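I have placed the structure first, in the form of structure tokens, so that the comments after it can refer back to it.
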Amino acid sequence: QPQLGEYLAMTHRNDQIGSNAVAVTPSDTTAVNFVSLEVGVGGDVAVQHVIGTTVVYKNRQSGSQLVSAPIVRVMSTSTTATDIVGVNP
């Protein structure tokens, strides 16, 4: 399995910029397809990446954007941030 940095280096392309934003309800079981997240009210954001890793991004500020490897889950466990918006590819 490639490491996260290797995956980002292999897949970062301008045509992956998202254009469709949707409200996110964190869930440990619901699959999603996001290229980025926007945090409305700050806190921790736990996500699972397409390569299978789960990462908790600590202390994200209100109004910040989280751009990473493609996100397949926004986990309810360990996510304390609210008013999250996901951007689809």
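Residues are referred to by chain and number: the chain letter is A, B, ... according to the order shown in the structure tokens, the number counts from 1 in that chain, and ligands are numbered separately from 1 in the order shown.
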
**OP:** With a distance cut-off of 8 Å and only C-alpha atoms, select the neighbouring residues of region 33-46 of chain A, excluding the residue or stretch itself and same-chain residues fewer than 3 positions from it, and output the selection as a ChimeraX atom specification.
**Re:** /A:16-18,54-89

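Put simply, CA of Val24 (chain A) is 20.5 Å away from CA of Ile51 (chain A).
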
Original post:
Just asking: which residues within region 3-87 of chain A are alpha helix (DSSP H) according to DSSP, as number ranges by chain?
Top reply: A: 4-11
